[in-house]
Every structure is written in structure tokens, then in C-alpha cells.
Amino acid sequence: MAGYATGKYSLAICDQCGQRFPYSELKKEWTGFKVCQECYEPKHPQLEPKRGINEPIAIYEPRPESVSTVTVFAGAPGDSLFESIGMQPSPVAQALIGGFSLGSVTVEIT
């Protein structure tokens with residue numbers, strides 16, 4: 001078999017508009033249609049996904065997040081450093097006591 005005929009005198013119908021054109025003037029669109037020069041639309045670049053985009057993956061052998069509880073006590077229960085008598089602050093000053101614990105370590109400041 002020698003191949004296909006050249007078809008230089010052949011006529012064809014545009015798949016988009018239905019007009020008759022010489023076969024050699026029709027172009028194949030990305031959709032597979034054979035269309036004339038006026039109906040031809042190239043494929044939009046956004047329809048092709050970008051190649052070579054690397055998505056980040058998880059960290060190799062991650063460590064679990066540690067849970068720690070922090071408790072802060074300021075003054076004795078019921079006392080408030082923000083009390084006032086009318087428009088003047090309370091004359092009683094209390095010492096602040098702070099503490100922090102993490103595992104078996106305890107720090108107290110008095």
C-alpha cells in the first residue's frame with residue numbers, strides 16, 4: 001500500500017460552521033474537529049496542567065507534639081489587685097506568686 005491520496009481537488013465541510021472548503025485548507029482543532037481558518041481556535045493554555053510542580057510532602061519521621069499544662073496563680077483566691085474604693089485604687093498591696101510546671105520541674109517565685 002502506497003499511502004493516502006493527496007486530495008488536492010477534494011472538498012470538505014467545516015465541522016464548526018458547515019461551509020464547504022478545499023480539503024487542504026481545513027485545520028484539525030485540539031477537539032478533533034476539522035475546521036476552516038475562521039472557526040479555528042487554538043487550545044487555551046489554562047486547559048493544560050503545568051508539568052513539574054512538586055507538592056510538599058510530610059516531614060520524614062515527625063515527632064509528636066508534646067502537651068504541657070501551664071497554671072499561673074496571682075495572689076490568694078478572692079483577692080484582687082484591681083479593687084478600688086470609689087475612684088481611688090485599693091491601699092492593700094498583695095505579693096504576686098507565680099509558678100510553672102513542666103514534667104517534673106517546678107519553679108516558684110515569691
# chains A, B, ... in the order shown; residues from 1 in each chain; ligands from 1

call {"tool": "residues_around", "arguments": {"residues": "His44 of chain A", "least_positions_apart": "6", "cutoff": "12 Å", "atoms": "only C-alpha atoms", "output": "list in words"}}
result
Glu29, Trp30 and Thr31 of chain A

call {"tool": "residues_around", "arguments": {"residues": "segment 16-22 of chain A", "least_positions_apart": "4", "cutoff": "7 Å", "atoms": "only C-alpha atoms", "output": "list of chain:residue names"}}
result
A:Ser10, A:Leu11, A:Ala12, A:Val35, A:Cys39

call {"tool": "write_last_selection", "arguments": {"atoms": "N, CA and C atoms", "output": "PDB file, in the first residue's frame"}}
result
ATOM      1  N   SER A  10     -10.023  17.904  -3.653  1.00  0.00           N
ATOM      2  CA  SER A  10     -11.137  17.466  -2.809  1.00  0.00           C
ATOM      3  C   SER A  10     -11.752  18.638  -2.054  1.00  0.00           C
ATOM      4  N   LEU A  11     -13.024  18.500  -1.764  1.00  0.00           N
ATOM      5  CA  LEU A  11     -13.736  19.487  -0.957  1.00  0.00           C
ATOM      6  C   LEU A  11     -14.168  18.827   0.352  1.00  0.00           C
ATOM      7  N   ALA A  12     -14.262  19.623   1.426  1.00  0.00           N
ATOM      8  CA  ALA A  12     -14.669  19.102   2.732  1.00  0.00           C
ATOM      9  C   ALA A  12     -15.556  20.126   3.426  1.00  0.00           C
ATOM     10  N   VAL A  35     -11.723  22.159  10.956  1.00  0.00           N
ATOM     11  CA  VAL A  35     -12.417  23.443  10.822  1.00  0.00           C
ATOM     12  C   VAL A  35     -11.679  24.354   9.854  1.00  0.00           C
ATOM     13  N   CYS A  39     -12.980  29.534  11.836  1.00  0.00           N
ATOM     14  CA  CYS A  39     -13.516  28.838  13.016  1.00  0.00           C
ATOM     15  C   CYS A  39     -12.423  28.270  13.913  1.00  0.00           C
TER      16      CYS A  39
END

call {"tool": "atom_distance", "arguments": {"atom1": "atom CA of Lys50 of chain A", "atom2": "atom CA of Lys34 of chain A"}}
result
26.9 Å

call {"tool": "atom_distance", "arguments": {"atom1": "atom CA of Thr110 of chain A", "atom2": "atom CA of Ser68 of chain A"}}
result
22.7 Å
